[in-house]
Number of protein chains: 2
Amino acid sequence: MVEHLPATLNGVFHALADPTRRAMVHHLASGERTVSELASPHAMSLAAASKHVRVLEQAGLLRRAIEGRVHRCSLERQPLVQAFSWLRAYTDFWDARFDALEDLLNAGDDDDRA
Amino acid sequence: MVEHLPATLNGVFHALADPTRRAMVHHLASGERTVSELASPHAMSLAAASKHVRVLEQAGLLRRAIEGRVHRCSLERQPLVQAFSWLRAYTDFWDARFDALEDLLNAGDDDDRA
DNA sequence: GCAATTATAAACCGAATGGTTGAGCATCTG
DNA sequence: CAGATGCTCAACCATTCGGTTTATAATTGC
């Protein structure tokens with residue numbers, strides 16, 4: 001079906017290391033945006049913003065649907081999950097608190113996958 | 001108490017965007033390492049590895065204890081947790097019950113822009 | 001058809017990255 | 001003391017990054 005690029009951690013972390021691009025991710029999280037819409041909050045030329053969009057796209061974080069002269073962009077979450085999963089191994093975030101949270105949140109027990 | 005640098009997402013994600021530095025983080029995850037120990041698996045000069053160590057240090061991911069001529073390095077997990085937390089908001093990886101988790105543990109939603 | 005809109009391309013620039021080599025500074029050891 | 005060890009610093013180099021400006025292509029609307 002849709003061909004995805006490998007979406008390496010290098011690319012994903014690099015893409016996220018820039019505040020403009022993180023803001024774009026944040027913006028995309030609530031729905032599709034055109035390149036202009038992604039660009040408008042930022043004090044830079046459209047061309048510069050377009051480059052940021054391209055970095056996100058090449059990192060696999062953004063998909064682009066060209067509709068006429070408009071490029072409609074959407075967030076691709078899978079590479080974010082990859083990065084998230086990588087980090088998870090090195091944070092004690094989970095292990096340190098999981099048990100306590102189980103107790104807190106498991107008032108009524110449902111199906112779970114973790 | 002020890003004075004830590006702010007540990008911005010910029011710095012943390014940038015530090016993690018390099019495979020050598022991710023390997024160093026991995027290496028450090030199992031315990032303290034000297035600079036030489038961190039350097040040895042990598043096909044580069046000690047000076048180059050030393051620069052990577054410095055990047056990790058400035059990102060707040062690594063703490064350094066100088067003992068004689070040896071620099072003993074340890075992993076600082078808190079900035080990893082910050083990055084983890086940022087990512088968490090954009091992955092739908094975990095189900096709704098863990099939203100409550102975020103409320104409990106919330107480290108704040110800072111967009112550091114610098 | 002023509003003008004405006006949306007977006008990329010290309011050329012350029014200064015600064016940062018990631019590597020090298022060589023020198024230098026402490027520190028441990030024989 | 002002399003030498004080896006652990007590590008950093010400084011200079012250098014090629015490449016990438018993040019921005020600019022100008023030009024150009026494609027689409028839409030009057």
# chains A, B, ... in the order shown; residues from 1 in each chain; ligands from 1
$ interface_residues --of "chain B" --to "chain A" --cutoff "7 Å" --atoms "only C-alpha atoms" --output "count of residues only"
20
$ interface_residues --of "chain B" --to "chain C" --cutoff "8 Å" --atoms "only C-alpha atoms (C1' of nucleotides)" --output "ChimeraX atom specification"
/B:48,68-69
$ write_last_selection --atoms "C-alpha atoms" --output "PDB file, in the first residue's frame"
ATOM      1  CA  ALA B  48      35.955  12.798  18.802  1.00  0.00           C
ATOM      2  CA  GLY B  68      42.043  11.762  39.327  1.00  0.00           C
ATOM      3  CA  ARG B  69      42.662  11.582  35.617  1.00  0.00           C
TER       4      ARG B  69
END
$ interface_residues --of "chain D" --to "chain B" --cutoff "10 Å" --atoms "only C-alpha atoms (C1' of nucleotides)" --output "MDAnalysis selection string"
chainID D and resid 5:9
$ write_last_selection --atoms "N, CA, C and O atoms (P, O5', C5', C4', C3', O3' and C1' of nucleotides)" --output "CSV table (one decimal), in the first residue's frame"
chain,number,residue,atom,x,y,z
D,5,DT,P,50.4,3.0,28.5
D,5,DT,O5',49.3,3.8,29.2
D,5,DT,C5',49.2,3.8,30.6
D,5,DT,C4',48.2,4.7,31.1
D,5,DT,C3',46.9,4.9,30.2
D,5,DT,O3',45.8,4.7,31.0
D,5,DT,C1',47.8,7.0,30.7
D,6,DG,P,44.3,4.6,30.4
D,6,DG,O5',43.8,6.1,30.7
D,6,DG,C5',43.5,6.5,32.0
D,6,DG,C4',42.8,7.8,31.9
D,6,DG,C3',41.7,7.9,30.9
D,6,DG,O3',40.6,8.5,31.5
D,6,DG,C1',43.3,9.6,30.5
D,7,DC,P,39.2,8.6,30.6
D,7,DC,O5',39.3,10.1,30.1
D,7,DC,C5',39.5,11.2,31.0
D,7,DC,C4',40.0,12.4,30.3
D,7,DC,C3',39.1,12.8,29.1
D,7,DC,O3',38.1,13.8,29.6
D,7,DC,C1',41.4,13.3,28.8
D,8,DT,P,37.2,14.6,28.6
D,8,DT,O5',38.1,15.9,28.2
D,8,DT,C5',38.6,16.7,29.3
D,8,DT,C4',39.5,17.8,28.8
D,8,DT,C3',38.8,18.7,27.8
D,8,DT,O3',39.0,20.1,28.2
D,8,DT,C1',40.8,18.0,26.9
D,9,DC,P,38.2,21.3,27.5
D,9,DC,O5',39.3,22.0,26.6
D,9,DC,C5',40.7,22.0,27.0
D,9,DC,C4',41.6,22.7,26.0
D,9,DC,C3',40.9,23.6,25.0
D,9,DC,O3',41.7,24.7,24.8
D,9,DC,C1',42.0,21.9,23.9
$ atom_distance --atom1 "CA of Arg33 (chain A)" --atom2 "C1' of DT24 (chain D)"
24.1 Å
$ closest_residue --among "B:Val53, B:Gly60, B:Arg21, B:Pro41" --to "Arg72 (chain B)" --atoms "only C-alpha atoms"
B:Val53
$ residues_around --residues "Ser74 (chain B)" --least-positions-apart "3" --cutoff "8 Å" --atoms "only C-alpha atoms (C1' of nucleotides)" --output "mmCIF file with N, CA, C and O atoms, in the first residue's frame"
data_model
loop_
_atom_site.group_PDB
_atom_site.id
_atom_site.type_symbol
_atom_site.label_atom_id
_atom_site.label_comp_id
_atom_site.auth_asym_id
_atom_site.auth_seq_id
_atom_site.Cartn_x
_atom_site.Cartn_y
_atom_site.Cartn_z
ATOM 1 N N LEU B 28 25.753 3.523 28.987
ATOM 2 C CA LEU B 28 25.672 4.103 30.330
ATOM 3 C C LEU B 28 24.489 3.554 31.133
ATOM 4 O O LEU B 28 24.480 3.617 32.367
ATOM 5 N N GLY B 31 25.380 1.211 33.801
ATOM 6 C CA GLY B 31 26.293 1.609 34.860
ATOM 7 C C GLY B 31 27.283 2.671 34.434
ATOM 8 O O GLY B 31 27.307 3.087 33.272
ATOM 9 N N GLU B 32 28.071 3.122 35.368
ATOM 10 C CA GLU B 32 29.035 4.177 35.088
ATOM 11 C C GLU B 32 30.101 3.703 34.105
ATOM 12 O O GLU B 32 30.448 2.526 34.076
ATOM 13 N N ARG B 33 30.597 4.659 33.334
ATOM 14 C CA ARG B 33 31.650 4.373 32.368
ATOM 15 C C ARG B 33 32.623 5.545 32.324
ATOM 16 O O ARG B 33 32.209 6.696 32.449
ATOM 17 N N LEU B 62 24.151 13.326 30.800
ATOM 18 C CA LEU B 62 25.313 12.658 31.358
ATOM 19 C C LEU B 62 25.907 13.520 32.459
ATOM 20 O O LEU B 62 26.021 14.734 32.302
ATOM 21 N N ARG B 63 26.218 12.878 33.553
ATOM 22 C CA ARG B 63 26.911 13.572 34.615
ATOM 23 C C ARG B 63 28.322 13.023 34.689
ATOM 24 O O ARG B 63 28.562 11.842 34.430
ATOM 25 N N ARG B 64 29.257 13.897 35.065
ATOM 26 C CA ARG B 64 30.664 13.535 35.027
ATOM 27 C C ARG B 64 31.249 13.716 36.418
ATOM 28 O O ARG B 64 31.123 14.786 37.017
#
$ select_by_dssp --residues "region 48-82 of chain B" --states "alpha helix (DSSP H)" --output "ChimeraX atom specification"
/B:48-58,78-82
$ atom_distance --atom1 "CA of Leu56 (chain B)" --atom2 "CA of Leu38 (chain B)"
11.7 Å
